[in-house]
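This report concerns only the one structure given below.
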2 protein chains.
Amino acid sequence: MEIISAIAVLRETLQGRQPVAFVPTMGNLHEGHLALVEQARQHGRCVVVSIFVNPLQFGAGEDLEKYPRTLEADCRKLQAAGADIVFTPSAHELFPTPQQFQVEPPSIASELCGAVRPGHFHGVATIVLKLFNIVQPACGVFGKKDYQQLHIIRGMVREFDLPIQIFAGETIRAEDGLALSSRNGYLSQEERAEAPRLYRALLQIREALASGQIDFAALETAARNDLARHGWQVDYISLRNANTLQAAQPGDAARVVLGAARLGTTRLIDNLEF
Amino acid sequence: MEIISAIAVLRETLQGRQPVAFVPTMGNLHEGHLALVEQARQHGRCVVVSIFVNPLQFGAGEDLEKYPRTLEADCRKLQAAGADIVFTPSAHELFPTPQQFQVEPPSIASELCGAVRPGHFHGVATIVLKLFNIVQPACGVFGKKDYQQLHIIRGMVREFDLPIQIFAGETIRAEDGLALSSRNGYLSQEERAEAPRLYRALLQIREALASGQIDFAALETAARNDLARHGWQVDYISLRNANTLQAAQPGDAARVVLGAARLGTTRLIDNLEF
């Protein structure tokens, strides 16, 4: 496995190694990331994983500075998982001058997580476009845990005519249901015990719908209130059309319920398709 | 020479024909375009010319509807000029659904032509990014006549890390100095006789600077007034740093003076580097 930090060296190294399967990450890798690498191995002759904590997608006062950086451990895990190349650019390598060109995603990027984190998905889309142009993969693999991100990346690829196939990886969960996330490491022992309630709230909404309840707003409100009673600050609990991410309507072919809420200073997100 | 209108057919056809040199156009081709094709032949094994009147870059009330479409004559000229493939997508082929993702260029895109045509360079950058992703050329050739466009495309390629080299083609002029442009066809005989005054105004600024004048604003104002006296409606005459397109400063290594003005309903642009 090669560890490369220069764009020019990466491009040189990738000559003749198509098709490339690409997994962009911010590092601090857990089983969820490694499952994406495993998935990528099925689609590419050469698996490239990028590790870059992207400043464009962090807002003022967010956790850019304290975001966990664990490059050595990450590389050990990636080697074991069968990655071929780890791309670890510096901020200066990706932004030799301040990034002025941005990807402007549609208005869905200002809802859900985008409402709480203004500009977040502009930053995500911009860095992913840059990385796609650097790596030039045949496919990219993204986790469903970041469901809105996946939706936006798929839209960008389609509307910008990028010749890249996007694969989605299932969310990997701890035994108690908590979706794996680098930010779980911020949780105190007490918060960690409480954290699976977010997933349980989503499961309850799915069950309520399966049993015939149809008042979407009431289900969302009940879940918010339950979380709030247990000390969460809820950003949103929202039932959406899984294909468009627009508000759920009667007769949607596929739905997803998405949630984001904070325990103390830690913001957790999760979702459930059905 | 092949004429292709489907993205999938173009991609298939381009397999194994790298390096591709690409000249995007809006058709109604003149000697300026054909010089770009000639230049492209020096850089690529396969020269692709696109013809697409891009609705994204036209504002309300602009000349999208009446913009000249002369596909048959264009193809004859391109064949003679040695193009290998003409890509002529329909609007539906490029926008099967409304384009929601856009390229957001930096603030320079809202100056000069962008001040008069809001959103114009968003539309230009977005379509060029899409075409780049479809054609995947090793290089693209753009005319200096659209100087601000060239500047913005260069910036986009750099900041989005596109693996594409950008070459600039010199402006081709009629004998009386008028820069060739598809919009020259809108001019009445009388307007056509008047039209070279725009270029002469730029030449006069260059001469004045060469002879030691240093009051940039006074030179710009004098040129505007002269054009206005002869019936022009002037959008701008502006002296800029040729590398940054910021307002000219004493000591700039390279400068360009850019002008845009309307004769009747026809808007002409031109520029001069020095």
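Every chain in the structure tokens takes a letter, A first, then B, and so on in the order presented; its residues are numbered from 1, and the ligands are numbered from 1 following the presented order.
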If you take only C-alpha atoms and a cut-off of 10 Å, which residues of chain A touch chain B, and what are their nearest atom pairs and distances in Å to one decimal, in chain and number order, as JSON lines?
{"residue": "A:Ile7", "atom": "CA", "partner": "B:Asp161", "partner_atom": "CA", "distance": 9.1}
{"residue": "A:Arg11", "atom": "CA", "partner": "B:Pro163", "partner_atom": "CA", "distance": 9.3}
{"residue": "A:Leu94", "atom": "CA", "partner": "B:Asp161", "partner_atom": "CA", "distance": 8.5}
{"residue": "A:Phe95", "atom": "CA", "partner": "B:Glu159", "partner_atom": "CA", "distance": 7.7}
{"residue": "A:Pro96", "atom": "CA", "partner": "B:Glu159", "partner_atom": "CA", "distance": 9.0}
{"residue": "A:Thr97", "atom": "CA", "partner": "B:Glu159", "partner_atom": "CA", "distance": 8.3}
{"residue": "A:Pro98", "atom": "CA", "partner": "B:Glu159", "partner_atom": "CA", "distance": 8.8}
{"residue": "A:Gln99", "atom": "CA", "partner": "B:Glu159", "partner_atom": "CA", "distance": 6.4}
{"residue": "A:Gln100", "atom": "CA", "partner": "B:Pro106", "partner_atom": "CA", "distance": 5.2}
{"residue": "A:Phe101", "atom": "CA", "partner": "B:Pro105", "partner_atom": "CA", "distance": 4.7}
{"residue": "A:Gln102", "atom": "CA", "partner": "B:Glu104", "partner_atom": "CA", "distance": 5.0}
{"residue": "A:Val103", "atom": "CA", "partner": "B:Val103", "partner_atom": "CA", "distance": 5.0}
{"residue": "A:Glu104", "atom": "CA", "partner": "B:Gln102", "partner_atom": "CA", "distance": 5.0}
{"residue": "A:Pro105", "atom": "CA", "partner": "B:Phe101", "partner_atom": "CA", "distance": 4.7}
{"residue": "A:Pro106", "atom": "CA", "partner": "B:Gln100", "partner_atom": "CA", "distance": 5.2}
{"residue": "A:Ser107", "atom": "CA", "partner": "B:Gln100", "partner_atom": "CA", "distance": 8.4}
{"residue": "A:His122", "atom": "CA", "partner": "B:Glu104", "partner_atom": "CA", "distance": 9.8}
{"residue": "A:Ala125", "atom": "CA", "partner": "B:Phe101", "partner_atom": "CA", "distance": 9.8}
{"residue": "A:Thr126", "atom": "CA", "partner": "B:Phe160", "partner_atom": "CA", "distance": 7.8}
{"residue": "A:Ile127", "atom": "CA", "partner": "B:Phe160", "partner_atom": "CA", "distance": 8.4}
{"residue": "A:Val128", "atom": "CA", "partner": "B:Phe160", "partner_atom": "CA", "distance": 9.7}
{"residue": "A:Leu129", "atom": "CA", "partner": "B:Phe160", "partner_atom": "CA", "distance": 6.9}
{"residue": "A:Lys130", "atom": "CA", "partner": "B:Phe160", "partner_atom": "CA", "distance": 4.9}
{"residue": "A:Leu131", "atom": "CA", "partner": "B:Asp161", "partner_atom": "CA", "distance": 8.0}
{"residue": "A:Phe132", "atom": "CA", "partner": "B:Asp161", "partner_atom": "CA", "distance": 8.9}
{"residue": "A:Asn133", "atom": "CA", "partner": "B:Leu162", "partner_atom": "CA", "distance": 5.4}
{"residue": "A:Ile134", "atom": "CA", "partner": "B:Asp161", "partner_atom": "CA", "distance": 6.2}
{"residue": "A:Val135", "atom": "CA", "partner": "B:Asp161", "partner_atom": "CA", "distance": 9.9}
{"residue": "A:Gln136", "atom": "CA", "partner": "B:Pro163", "partner_atom": "CA", "distance": 9.2}
{"residue": "A:Ile152", "atom": "CA", "partner": "B:Phe101", "partner_atom": "CA", "distance": 9.4}
{"residue": "A:Gly155", "atom": "CA", "partner": "B:Phe101", "partner_atom": "CA", "distance": 7.8}
{"residue": "A:Met156", "atom": "CA", "partner": "B:Phe101", "partner_atom": "CA", "distance": 6.3}
{"residue": "A:Val157", "atom": "CA", "partner": "B:Phe101", "partner_atom": "CA", "distance": 9.6}
{"residue": "A:Arg158", "atom": "CA", "partner": "B:Phe101", "partner_atom": "CA", "distance": 9.5}
{"residue": "A:Glu159", "atom": "CA", "partner": "B:Gln99", "partner_atom": "CA", "distance": 6.4}
{"residue": "A:Phe160", "atom": "CA", "partner": "B:Lys130", "partner_atom": "CA", "distance": 4.9}
{"residue": "A:Asp161", "atom": "CA", "partner": "B:Lys130", "partner_atom": "CA", "distance": 5.6}
{"residue": "A:Leu162", "atom": "CA", "partner": "B:Asn133", "partner_atom": "CA", "distance": 5.4}
{"residue": "A:Pro163", "atom": "CA", "partner": "B:Asn133", "partner_atom": "CA", "distance": 6.9}
{"residue": "A:Ile164", "atom": "CA", "partner": "B:Asn133", "partner_atom": "CA", "distance": 9.9}
Shell around A:Ala115 at 10 Å using only C-alpha atoms, local window under 5 positions removed, as an NGL selection string: :A and (108-110 or 120 or 235-236)
Export of the given selection (N, CA, C and O atoms) as an mmCIF file, in the first residue's frame:
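Final output, out.cif:
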data_model
loop_
_atom_site.group_PDB
_atom_site.id
_atom_site.type_symbol
_atom_site.label_atom_id
_atom_site.label_comp_id
_atom_site.auth_asym_id
_atom_site.auth_seq_id
_atom_site.Cartn_x
_atom_site.Cartn_y
_atom_site.Cartn_z
ATOM 1 N N ILE A 108 -31.932 21.831 -1.695
ATOM 2 C CA ILE A 108 -31.994 20.740 -0.715
ATOM 3 C C ILE A 108 -30.765 20.774 0.201
ATOM 4 O O ILE A 108 -30.815 20.323 1.353
ATOM 5 N N ALA A 109 -29.675 21.356 -0.296
ATOM 6 C CA ALA A 109 -28.446 21.455 0.502
ATOM 7 C C ALA A 109 -28.577 22.452 1.650
ATOM 8 O O ALA A 109 -27.714 22.517 2.523
ATOM 9 N N SER A 110 -29.647 23.234 1.654
ATOM 10 C CA SER A 110 -29.867 24.182 2.756
ATOM 11 C C SER A 110 -30.923 23.673 3.734
ATOM 12 O O SER A 110 -31.318 24.391 4.642
ATOM 13 N N HIS A 120 -22.236 23.915 4.555
ATOM 14 C CA HIS A 120 -21.591 22.609 4.731
ATOM 15 C C HIS A 120 -21.536 21.826 3.422
ATOM 16 O O HIS A 120 -20.468 21.337 3.029
ATOM 17 N N ASP A 235 -31.802 18.786 16.300
ATOM 18 C CA ASP A 235 -31.785 19.656 15.105
ATOM 19 C C ASP A 235 -32.970 19.335 14.210
ATOM 20 O O ASP A 235 -33.670 20.238 13.759
ATOM 21 N N TYR A 236 -33.178 18.091 13.916
ATOM 22 C CA TYR A 236 -34.350 17.698 13.112
ATOM 23 C C TYR A 236 -34.590 16.202 13.242
ATOM 24 O O TYR A 236 -33.661 15.417 13.470
#
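Between atom CA of A:Ala195 and atom CA of A:Val256 the separation is 19.9 Å.
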From a DSSP pass on the backbone, collect the residues of stretch 28-257 of chain B flagged as alpha helix (DSSP H) and hand them back as number ranges by chain. B: 31-41, 71-81, 91-94, 113-116, 120-135, 147-159, 189-194, 197-210, 216-229
For the strand (DSSP E) assignment from backbone DSSP, which residues of stretch 132-237 of chain B qualify? Please present them as a VMD selection string. chain B and resid 139 to 143 165 to 169 232 to 237
